[in-house]
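File shown: input-v7.csv. Contents: CSV, C-alpha atoms and all ligand atoms.
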```csv
chain,number,residue,atom,x,y,z
F,835,MET,CA,-21.6,8.7,55.9
F,836,LYS,CA,-19.3,5.7,56.0
F,837,TYR,CA,-21.7,3.8,53.8
F,838,ALA,CA,-21.9,6.7,51.2
F,839,THR,CA,-18.0,6.8,51.0
F,840,LEU,CA,-17.9,3.1,50.5
F,841,HIS,CA,-20.5,3.3,47.8
F,842,LEU,CA,-18.6,6.1,46.0
F,843,SER,CA,-15.4,4.2,46.0
F,844,ALA,CA,-17.1,1.1,44.7
F,845,ILE,CA,-18.5,3.1,41.8
F,846,LEU,CA,-15.0,4.5,41.1
F,847,TRP,CA,-13.5,1.1,41.2
F,848,LEU,CA,-16.1,-0.3,38.8
F,849,SER,CA,-15.6,2.5,36.3
F,850,LEU,CA,-11.8,2.0,36.5
F,851,CYS,CA,-12.4,-1.7,35.7
F,852,ALA,CA,-14.5,-0.7,32.7
F,853,LEU,CA,-11.8,1.7,31.5
F,854,SER,CA,-9.1,-0.9,31.7
F,855,GLN,CA,-11.2,-3.4,29.8
F,856,ALA,CA,-12.2,-0.9,27.1
F,857,LYS,CA,-12.9,-2.9,24.0
F,858,GLU,CA,-10.8,-1.1,21.5
F,859,VAL,CA,-8.0,-1.3,18.9
F,860,ARG,CA,-5.7,1.7,18.7
F,861,LEU,CA,-4.6,1.9,15.1
F,862,TYR,CA,-1.8,3.9,13.5
F,863,THR,CA,-2.4,3.9,9.7
F,864,GLN,CA,-1.0,5.5,6.6
F,865,ARG,CA,-4.2,4.6,4.6
F,866,HIS,CA,-6.8,7.2,3.9
F,867,TYR,CA,-9.5,5.5,2.0
F,868,PRO,CA,-13.2,5.8,2.7
F,869,ALA,CA,-13.5,2.0,2.3
F,870,ASP,CA,-11.3,1.4,5.4
F,871,LYS,CA,-13.6,3.6,7.5
F,872,GLU,CA,-16.6,1.5,6.4
F,873,PHE,CA,-14.8,-1.8,7.2
F,874,PHE,CA,-13.9,-0.5,10.7
F,875,ALA,CA,-17.5,0.5,11.4
F,876,GLN,CA,-18.6,-3.0,10.3
F,877,PHE,CA,-16.0,-4.6,12.6
F,878,THR,CA,-17.3,-2.5,15.5
F,879,LYS,CA,-20.8,-3.5,14.7
F,880,ASP,CA,-19.9,-7.2,14.6
F,881,THR,CA,-17.6,-7.3,17.7
F,882,GLY,CA,-18.3,-4.3,19.8
F,883,ILE,CA,-14.6,-3.4,19.5
F,884,GLU,CA,-14.0,0.3,18.7
F,885,VAL,CA,-11.3,1.2,16.2
F,886,LYS,CA,-9.4,4.4,17.3
F,887,VAL,CA,-7.6,5.6,14.2
F,888,ILE,CA,-4.6,8.0,13.9
F,889,LYS,CA,-3.6,8.7,10.3
F,890,ALA,CA,-0.2,10.0,9.3
F,891,GLY,CA,2.7,9.3,6.9
F,892,ALA,CA,4.7,6.1,7.3
F,893,ASN,CA,7.9,7.9,8.6
F,894,GLU,CA,5.9,10.0,11.0
F,895,LEU,CA,4.2,6.9,12.4
F,896,LEU,CA,7.5,5.1,12.7
F,897,THR,CA,9.0,7.9,14.6
F,898,ARG,CA,6.0,8.0,16.9
F,899,LEU,CA,6.1,4.3,17.5
F,900,GLU,CA,9.8,4.5,18.3
F,901,SER,CA,9.2,7.4,20.8
F,902,GLU,CA,6.4,5.4,22.5
F,903,LYS,CA,8.4,2.2,22.8
F,904,ALA,CA,8.4,2.2,26.6
F,905,ALA,CA,4.7,2.7,26.8
F,906,PRO,CA,3.1,1.8,23.4
F,907,GLN,CA,0.0,3.9,22.5
F,908,ALA,CA,-0.9,1.9,19.5
F,909,ASP,CA,-1.9,-1.7,19.0
F,910,LEU,CA,-1.8,-2.1,15.3
F,911,PHE,CA,0.3,-0.4,12.6
F,912,ILE,CA,-0.8,-0.3,8.9
F,913,THR,CA,1.3,1.2,6.1
F,914,THR,CA,1.1,1.1,2.3
F,915,ASP,CA,4.7,-0.1,1.9
F,916,ALA,CA,6.4,-3.4,2.7
F,917,GLY,CA,9.6,-1.4,3.1
F,918,ALA,CA,8.1,0.6,6.0
F,919,LEU,CA,6.8,-2.6,7.6
F,920,ASP,CA,10.3,-4.2,7.4
F,921,ARG,CA,11.8,-1.0,8.9
F,922,ALA,CA,9.3,-1.3,11.8
F,923,ASP,CA,10.3,-4.9,12.2
F,924,ALA,CA,14.0,-4.1,12.1
F,925,ALA,CA,13.5,-1.4,14.8
F,926,GLY,CA,11.9,-4.0,17.1
F,927,LEU,CA,8.6,-2.3,17.0
F,928,LEU,CA,6.5,-5.3,16.0
F,929,ASP,CA,5.5,-8.4,17.8
F,930,GLU,CA,5.4,-11.9,16.3
F,931,LEU,CA,2.0,-12.7,14.9
F,932,ASP,CA,2.1,-16.4,15.4
F,933,ASN,CA,-1.4,-16.8,14.1
F,934,LYS,CA,-2.5,-19.8,12.2
F,935,THR,CA,-5.6,-18.3,10.6
F,936,LEU,CA,-3.5,-15.5,9.1
F,937,ALA,CA,-0.6,-17.7,8.1
F,938,ASP,CA,-3.0,-20.2,6.3
F,939,ARG,CA,-5.0,-17.5,4.5
F,940,ILE,CA,-2.1,-15.5,3.0
F,941,PRO,CA,0.6,-16.8,0.6
F,942,ALA,CA,3.9,-17.1,2.4
F,943,GLY,CA,5.7,-15.1,-0.2
F,944,LEU,CA,3.6,-12.1,0.6
F,945,GLN,CA,4.0,-12.3,4.4
F,946,GLY,CA,6.8,-10.5,6.3
F,947,LYS,CA,9.8,-12.7,6.5
F,948,ASN,CA,10.1,-12.5,10.3
F,949,GLY,CA,6.5,-13.3,10.9
F,950,THR,CA,5.7,-9.8,12.2
F,951,TRP,CA,3.5,-8.5,9.5
F,952,VAL,CA,0.9,-9.6,6.9
F,953,PRO,CA,-0.4,-7.9,3.8
F,954,ILE,CA,-4.0,-6.7,3.6
F,955,THR,CA,-4.0,-5.6,0.0
F,956,MET,CA,-1.6,-5.6,-3.0
F,957,ARG,CA,-1.0,-3.3,-5.9
F,958,ALA,CA,1.2,-3.5,-9.0
F,959,ARG,CA,3.0,-0.5,-10.6
F,960,VAL,CA,2.4,-0.9,-14.3
F,961,ILE,CA,3.1,0.8,-17.6
F,962,VAL,CA,0.1,2.1,-19.6
F,963,TYR,CA,0.3,3.2,-23.2
F,964,SER,CA,-1.8,5.2,-25.6
F,965,LYS,CA,-3.8,2.7,-27.7
F,966,GLU,CA,-3.9,5.3,-30.4
F,967,ARG,CA,-0.3,6.6,-30.6
F,968,ALA,CA,2.2,4.3,-28.9
F,969,GLY,CA,2.7,2.1,-31.9
F,970,ASN,CA,3.4,-1.7,-31.9
F,971,ASN,CA,6.9,-1.7,-30.4
F,972,LEU,CA,5.6,-1.5,-26.9
F,973,PRO,CA,7.9,-1.7,-23.8
F,974,LYS,CA,8.0,-5.0,-22.0
F,975,THR,CA,10.1,-4.0,-19.0
F,976,TYR,CA,10.7,-1.0,-16.7
F,977,GLU,CA,14.1,-1.0,-18.3
F,978,ASP,CA,12.5,-0.4,-21.7
F,979,LEU,CA,11.2,3.0,-20.4
F,980,ALA,CA,14.8,4.2,-20.6
F,981,ASP,CA,15.2,3.3,-24.3
F,982,SER,CA,15.8,6.3,-26.5
F,983,GLN,CA,12.9,5.4,-28.8
F,984,TRP,CA,10.7,6.9,-26.0
F,985,LYS,CA,12.4,10.3,-25.8
F,986,GLY,CA,9.9,13.0,-24.9
F,987,ARG,CA,7.1,10.4,-24.5
F,988,VAL,CA,7.2,9.1,-20.9
F,989,LEU,CA,4.9,10.5,-18.2
F,990,ILE,CA,5.8,9.7,-14.6
F,991,ARG,CA,5.4,11.5,-11.3
F,992,SER,CA,8.0,13.0,-9.0
F,993,SER,CA,10.9,11.2,-7.3
F,994,SER,CA,9.6,12.4,-4.0
F,995,ASN,CA,6.7,9.9,-4.3
F,996,ALA,CA,7.0,6.7,-2.3
F,997,TYR,CA,5.7,4.5,-5.1
F,998,ASN,CA,8.5,5.6,-7.4
F,999,GLN,CA,11.1,5.2,-4.6
F,1000,SER,CA,9.9,1.7,-4.0
F,1001,LEU,CA,10.0,1.0,-7.8
F,1002,LEU,CA,13.6,2.2,-7.9
F,1003,ALA,CA,14.4,0.3,-4.7
F,1004,SER,CA,13.2,-2.9,-6.5
F,1005,ILE,CA,15.4,-2.2,-9.5
F,1006,LEU,CA,18.3,-1.6,-7.1
F,1007,ALA,CA,17.6,-4.9,-5.3
F,1008,ALA,CA,17.4,-6.8,-8.6
F,1009,GLU,CA,19.9,-5.2,-10.9
F,1010,GLY,CA,22.4,-3.3,-8.6
F,1011,ARG,CA,23.4,0.4,-8.3
F,1012,ASP,CA,24.9,1.0,-11.8
F,1013,ALA,CA,21.9,-0.3,-13.6
F,1014,ALA,CA,19.5,1.6,-11.3
F,1015,LEU,CA,21.4,4.9,-11.9
F,1016,ALA,CA,21.5,4.3,-15.7
F,1017,TRP,CA,17.7,3.6,-15.6
F,1018,ALA,CA,16.9,6.7,-13.6
F,1019,LYS,CA,19.0,8.8,-16.0
F,1020,GLY,CA,17.4,7.2,-19.1
F,1021,VAL,CA,13.9,7.7,-17.9
F,1022,THR,CA,14.6,11.3,-16.9
F,1023,ALA,CA,16.0,11.9,-20.4
F,1024,ASN,CA,12.8,10.4,-21.9
F,1025,MET,CA,10.3,12.4,-19.9
F,1026,ALA,CA,7.6,14.3,-21.8
F,1027,ARG,CA,7.7,17.0,-19.2
F,1028,PRO,CA,9.1,17.6,-15.7
F,1029,PRO,CA,7.3,15.3,-13.2
F,1030,GLN,CA,4.1,16.7,-11.9
F,1031,GLY,CA,0.7,15.5,-10.6
F,1032,ASN,CA,-0.3,12.1,-9.2
F,1033,ASP,CA,-0.6,8.7,-10.9
F,1034,ARG,CA,-4.1,9.5,-12.2
F,1035,ASP,CA,-2.8,12.7,-13.8
F,1036,GLN,CA,-0.3,10.7,-15.8
F,1037,VAL,CA,-3.0,8.6,-17.3
F,1038,ARG,CA,-5.1,11.7,-18.0
F,1039,SER,CA,-2.1,13.3,-19.7
F,1040,VAL,CA,-1.7,10.3,-22.0
F,1041,ALA,CA,-5.3,10.7,-23.0
F,1042,LEU,CA,-4.7,14.5,-23.6
F,1043,GLY,CA,-1.8,13.6,-26.0
F,1044,LEU,CA,1.0,14.9,-23.8
F,1045,GLY,CA,2.9,11.6,-23.9
F,1046,GLU,CA,2.5,7.9,-25.0
F,1047,LEU,CA,3.6,6.0,-21.9
F,1048,ALA,CA,2.8,6.4,-18.2
F,1049,VAL,CA,3.6,4.6,-15.0
F,1050,VAL,CA,0.7,4.1,-12.6
F,1051,ASN,CA,-0.5,1.9,-9.7
F,1052,THR,CA,-3.2,-0.6,-10.8
F,1053,TYR,CA,-5.9,0.6,-8.5
F,1054,TYR,CA,-5.9,4.1,-10.0
F,1055,LEU,CA,-7.0,2.5,-13.2
F,1056,GLY,CA,-9.9,1.1,-11.3
F,1057,LEU,CA,-10.7,4.4,-9.7
F,1058,LEU,CA,-10.6,6.2,-13.1
F,1059,GLU,CA,-12.8,3.5,-14.7
F,1060,ASN,CA,-15.4,4.0,-11.9
F,1061,ALA,CA,-15.1,7.8,-11.8
F,1062,ASP,CA,-18.1,10.1,-11.9
F,1063,ASP,CA,-16.3,12.3,-14.4
F,1064,PRO,CA,-16.7,11.0,-17.9
F,1065,LYS,CA,-13.3,12.5,-18.9
F,1066,ASP,CA,-11.7,10.2,-16.4
F,1067,ARG,CA,-13.5,7.2,-17.7
F,1068,ALA,CA,-12.4,8.1,-21.2
F,1069,ALA,CA,-8.8,8.6,-20.1
F,1070,ARG,CA,-8.8,5.0,-18.7
F,1071,ALA,CA,-10.4,3.7,-21.9
F,1072,ALA,CA,-7.6,5.4,-24.0
F,1073,VAL,CA,-4.8,3.3,-22.5
F,1074,GLY,CA,-3.7,-0.3,-22.5
F,1075,VAL,CA,-2.0,-2.0,-19.6
F,1076,ILE,CA,1.4,-3.7,-19.5
F,1077,PHE,CA,2.6,-5.7,-16.6
F,1078,PRO,CA,6.4,-5.3,-16.9
F,1079,ASN,CA,9.2,-7.8,-16.6
F,1080,GLN,CA,7.0,-10.8,-17.1
F,1081,ALA,CA,9.8,-12.9,-18.6
F,1082,GLY,CA,12.1,-11.9,-15.7
F,1083,ARG,CA,11.6,-11.0,-12.1
F,1084,GLY,CA,8.0,-9.9,-12.4
F,1085,ALA,CA,6.0,-6.7,-12.1
F,1086,HIS,CA,6.9,-4.4,-9.2
F,1087,VAL,CA,4.2,-4.9,-6.4
F,1088,ASN,CA,3.8,-3.4,-3.0
F,1089,VAL,CA,1.4,-4.1,-0.2
F,1090,SER,CA,-0.7,-2.4,2.4
F,1091,GLY,CA,0.1,-4.5,5.4
F,1092,ALA,CA,-0.2,-4.6,9.2
F,1093,GLY,CA,1.7,-5.6,12.2
F,1094,ILE,CA,0.9,-5.8,15.9
F,1095,VAL,CA,2.8,-3.2,17.9
F,1096,LYS,CA,5.2,-4.8,20.5
F,1097,GLY,CA,3.6,-4.3,24.0
F,1098,ALA,CA,0.1,-3.7,22.5
F,1099,LYS,CA,-2.4,-3.4,25.3
F,1100,ASN,CA,-5.2,-4.7,23.2
F,1101,ARG,CA,-3.4,-7.5,21.3
F,1102,PRO,CA,-6.4,-9.9,21.0
F,1103,HIS,CA,-8.6,-7.1,19.6
F,1104,ALA,CA,-5.9,-6.1,17.1
F,1105,VAL,CA,-5.6,-9.7,16.0
F,1106,ALA,CA,-9.4,-9.9,15.6
F,1107,LEU,CA,-9.3,-6.8,13.4
F,1108,LEU,CA,-6.5,-8.3,11.3
F,1109,GLU,CA,-8.5,-11.6,10.9
F,1110,PHE,CA,-11.6,-9.5,9.9
F,1111,LEU,CA,-9.7,-7.4,7.3
F,1112,THR,CA,-8.2,-10.6,5.7
F,1113,SER,CA,-11.5,-12.5,5.7
F,1114,LYS,CA,-13.0,-13.5,2.4
F,1115,LYS,CA,-15.8,-11.0,2.6
F,1116,ILE,CA,-13.7,-8.0,3.3
F,1117,GLN,CA,-11.0,-9.0,0.9
F,1118,ALA,CA,-13.6,-9.2,-1.9
F,1119,SER,CA,-14.9,-5.8,-0.7
F,1120,TYR,CA,-11.5,-4.2,-1.0
F,1121,GLN,CA,-11.3,-5.3,-4.6
F,1122,LYS,CA,-14.7,-3.9,-5.3
F,1123,MET,CA,-14.3,-0.6,-3.4
F,1124,THR,CA,-10.6,0.4,-3.9
F,1125,SER,CA,-9.6,-1.9,-6.9
F,1126,GLU,CA,-6.6,-3.1,-4.9
F,1127,PHE,CA,-5.8,-6.8,-5.2
F,1128,ALA,CA,-7.0,-9.1,-2.5
F,1129,VAL,CA,-4.1,-11.0,-0.8
F,1130,ALA,CA,-6.1,-13.9,0.9
F,1131,GLU,CA,-6.2,-17.1,-1.1
F,1132,GLY,CA,-9.2,-18.0,-3.3
F,1133,ILE,CA,-10.6,-14.5,-4.0
F,1134,LYS,CA,-11.5,-14.0,-7.6
F,1135,PRO,CA,-10.5,-10.6,-9.2
F,1136,GLU,CA,-13.3,-8.2,-10.0
F,1137,PRO,CA,-14.2,-8.1,-13.7
F,1138,LEU,CA,-12.6,-4.6,-13.9
F,1139,GLN,CA,-9.3,-6.2,-12.6
F,1140,ALA,CA,-9.6,-9.3,-14.7
F,1141,LYS,CA,-9.4,-7.1,-17.8
F,1142,TRP,CA,-5.9,-6.0,-16.9
F,1143,GLY,CA,-4.8,-9.7,-17.3
F,1144,THR,CA,-3.0,-12.0,-15.0
F,1145,PHE,CA,0.6,-11.3,-14.1
F,1146,LYS,CA,3.7,-12.5,-12.3
F,1147,PRO,CA,4.6,-10.3,-9.3
F,1148,ASP,CA,8.2,-9.6,-8.2
F,1149,LEU,CA,8.0,-11.1,-4.7
F,1150,THR,CA,11.8,-11.2,-4.2
F,1151,SER,CA,12.3,-7.4,-4.3
F,1152,LEU,CA,9.2,-6.9,-2.2
F,1153,HIS,CA,11.2,-8.1,0.8
F,1154,GLU,CA,14.3,-6.1,-0.1
F,1155,LEU,CA,12.7,-2.6,-0.4
F,1156,ALA,CA,13.6,-1.4,3.1
F,1157,GLY,CA,17.4,-1.8,2.5
F,1158,HIS,CA,17.3,0.2,-0.7
F,1159,GLN,CA,14.9,3.0,-0.2
F,1160,GLU,CA,17.4,5.5,1.1
F,1161,GLU,CA,19.8,4.9,-1.8
F,1162,ALA,CA,16.9,5.2,-4.3
F,1163,VAL,CA,16.3,8.8,-3.1
F,1164,LYS,CA,20.0,9.6,-3.7
F,1165,ILE,CA,20.0,8.0,-7.1
F,1166,PHE,CA,17.0,10.0,-8.2
F,1167,ASP,CA,18.9,13.2,-7.2
F,1168,LEU,CA,22.0,12.1,-9.1
F,1169,ALA,CA,19.9,11.4,-12.2
F,1170,GLY,CA,18.2,14.8,-12.0
F,1171,TRP,CA,14.7,13.3,-11.6
F,1172,LYS,CA,12.7,16.1,-10.0
W,1,FE,FE,-2.2,5.6,-3.7
```

Step by step, read the file and then write its structure as structure tokens.
Amino acid sequence: MKYATLHLSAILWLSLCALSQAKEVRLYTQRHYPADKEFFAQFTKDTGIEVKVIKAGANELLTRLESEKAAPQADLFITTDAGALDRADAAGLLDELDNKTLADRIPAGLQGKNGTWVPITMRARVIVYSKERAGNNLPKTYEDLADSQWKGRVLIRSSSNAYNQSLLASILAAEGRDAALAWAKGVTANMARPPQGNDRDQVRSVALGLGELAVVNTYYLGLLENADDPKDRAARAAVGVIFPNQAGRGAHVNVSGAGIVKGAKNRPHAVALLEFLTSKKIQASYQKMTSEFAVAEGIKPEPLQAKWGTFKPDLTSLHELAGHQEEAVKIFDLAGWK
């Protein structure tokens, strides 16, 4: 009897040990792309480390991380916005990365300023124009979208969208409040219709003749070009791409990026996942599968991306988004941008 009891407690002890050494990364992510799921499966296959994913919006995840501060339930935090990463950093939710592999791989200008996050992918917010109808006097800057020559011709989505909020935050950071408000009012006055639909819908609407200019994140151009629906491929073919503000601060870019949660139980596994996602192979796969830009050094763009042309990104505003996002929302309201 005594032997049996001992035996049982030994089994219990062994399984408790196994539990505490579970090979896993608990990931909170805002991303929702099939490619990510494939990469996590590949990582598990390579390393035996499971990736447990919880998906939600950036603000929801930030609130959750904050409420779990005393007993963190996540190891890694991924968002599609540098501003959200900086807010996590400012709230003391992220740990210093202090990792030479990551630091060497990724240009310093793209890494979080306090060493608590690194980007995984990058996208630019560009202007597209109707090749058939926009004429020769094309916009060169975001500011040009507010010029009265484009009255009734601009297609852009709602101000509740984070991509537009970050774009306006970048204008706030670079040009100040008065210029940002004037811009938001000018663009609102030039809209071809009240904002509706997503980025891809704006491009489709240019092709349908509803307007001549649209604002869109680069990877959606890739998704349209690779779409099954021939109408989407035709919509992409009907527009030309402009990287704005090339003679000045550069085109507005944002990143998907990741930071290790302070107090992460599985820090080494989370670091391993970050190193995996920024490896040459996976960086090239991101470009192929999501048409986002790689952030690691030395990765050639896909032919589909190379067609857009090379460009200068606005890396200054990228690190100043967090401080301007709240004001951007207020300015959109003041401007009447729905
Ligand atoms: Fe998106």

Counting only C-alpha atoms and all ligand atoms, the residue of F:Arg987, F:Arg1083, F:Lys1065, F:Arg1034 that sits nearest ligand FE 1 (chain W):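 Checking each candidate against ligand FE 1 (chain W), we get F:Arg1034 as the closest.
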
Contacts of ligand FE 1 (chain W), 9 Å or closer, only C-alpha atoms and all ligand atoms, given as a ChimeraX atom specification: /F:865,914,997,1032-1033,1051,1053-1054

Residue with smallest distance to F:Thr1112 - pool F:Thr955, F:Gln864, F:Asn1100, F:Gln1139, counting only C-alpha atoms: F:Thr955

If we count all atoms listed in the file and set the cut-off at 9 Å, which residues sit around F:Pro1028, ignoring sequence neighbours fewer than 5 positions away in its own chain? Please answer as an mmCIF file with C-alpha atoms, in the frame of the given file.
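Wrote around_34.cif, looks like this:
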```
data_model
loop_
_atom_site.group_PDB
_atom_site.id
_atom_site.type_symbol
_atom_site.label_atom_id
_atom_site.label_comp_id
_atom_site.auth_asym_id
_atom_site.auth_seq_id
_atom_site.Cartn_x
_atom_site.Cartn_y
_atom_site.Cartn_z
ATOM 1 C CA LEU F 989 4.900 10.500 -18.200
ATOM 2 C CA ILE F 990 5.800 9.700 -14.600
ATOM 3 C CA ARG F 991 5.400 11.500 -11.300
ATOM 4 C CA SER F 992 8.000 13.000 -9.000
ATOM 5 C CA THR F 1022 14.600 11.300 -16.900
ATOM 6 C CA TRP F 1171 14.700 13.300 -11.600
ATOM 7 C CA LYS F 1172 12.700 16.100 -10.000
#
```

Interatomic distance, atom CA of F:Arg939 to atom CA of F:Ser1004 (Å, one decimal): 25.8 Å

Distance criterion (all atoms listed in the file): nearest to F:Gln1117 out of F:Met956, F:Leu928, F:Ile1005, F:Val1073: F:Met956

Pick from F:Leu1047, F:Ser964, F:Gly1082, F:His1153 nearest to F:Asn948, counting all atoms listed in the file: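 Smallest distance to F:Asn948 is found for F:His1153.
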
Test item: residues at most 10 Å from F:Ala1026, only C-alpha atoms, excluding those fewer than 3 positions along its chain, as a list in words: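 Residues meeting the cut-off are Trp984, Lys985, Gly986, Arg987, Val988, Leu989, Ile990, Val1021, Thr1022, Ala1023, Pro1029, Ser1039, Leu1044, Gly1045, Glu1046, Leu1047 and Ala1048 of chain F.
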
Minimum-distance residue to F:Lys1019, chosen among F:Val1095, F:Ala1128, F:Leu1149, F:Ile1165 (using only C-alpha atoms):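 Answer, going by the shortest atom-to-atom distance: F:Ile1165.
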
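The point (-7.2, 1.0, -4.1) has these residues within 9 Å of it when all atoms listed in the file are used: Tyr867, Thr955, Met956, Arg957, Asn1051, Thr1052, Tyr1053, Tyr1054, Gly1056, Leu1057, Tyr1120, Gln1121, Met1123, Thr1124, Ser1125, Glu1126 and Phe1127 of chain F.
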
Using only C-alpha atoms: which of F:Arg967, F:His1103, F:Lys1115, F:Arg959 has the shortest distance to F:Val1050: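 Closest residue, counting only C-alpha atoms: F:Arg959.
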
Residues near stretch 1154-1158 of chain F, cut-off 10 Å, only C-alpha atoms, skip fewer than 6 positions along chain, as a list in words: Asp915, Ala916, Gly917, Ala918, Leu919, Asp920, Arg921, Ala922, Ala924, Gln999, Ser1000, Leu1001, Leu1002, Ala1003, Ser1004, Ile1005, Leu1006, Ala1007, Ala1008, Arg1011 and Asn1088 of chain F

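Neighbours of stretch 894-910 of chain F closer than or equal to 8 Å, with all atoms listed in the file counted and sequence neighbours fewer than 3 positions away skipped, come out as F:Val859, F:Arg860, F:Leu861, F:Tyr862, F:Thr863, F:Gln864, F:Ala890, F:Gly891, F:Ala922, F:Ala925, F:Leu927, F:Ala1092, F:Gly1093, F:Ile1094, F:Val1095, F:Lys1096, F:Gly1097, F:Ala1098, F:Lys1099, F:Asn1100, F:Arg1101, F:Ala1104.
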
Distance query 8 Å from (3.2, -0.1, -22.8) using only C-alpha atoms, result as a VMD selection string: chain F and resid 961 to 964 968 972 to 974 1047 to 1048 1074 to 1076

Contacts of F:Gln1080 within 12 Å, all atoms listed in the file, excl. fewer than 6 positions in-chain, as an NGL selection string: :F and (960 or 973-976 or 1086 or 1143-1148)

Selected residues, C-alpha atoms, written as a CSV table (one decimal), in the frame of the given file, please.
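selection_16.csv written:
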```csv
chain,number,residue,atom,x,y,z
F,960,VAL,CA,2.4,-0.9,-14.3
F,973,PRO,CA,7.9,-1.7,-23.8
F,974,LYS,CA,8.0,-5.0,-22.0
F,975,THR,CA,10.1,-4.0,-19.0
F,976,TYR,CA,10.7,-1.0,-16.7
F,1086,HIS,CA,6.9,-4.4,-9.2
F,1143,GLY,CA,-4.8,-9.7,-17.3
F,1144,THR,CA,-3.0,-12.0,-15.0
F,1145,PHE,CA,0.6,-11.3,-14.1
F,1146,LYS,CA,3.7,-12.5,-12.3
F,1147,PRO,CA,4.6,-10.3,-9.3
F,1148,ASP,CA,8.2,-9.6,-8.2
```

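Coordinates place atom CA of F:Leu944 at a distance of 19.3 Å from atom CA of F:Ala996.
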
Straight-line distance linking atom CA of F:Pro1078 with atom CA of F:Ile940, stated in Å to one decimal: 23.9 Å
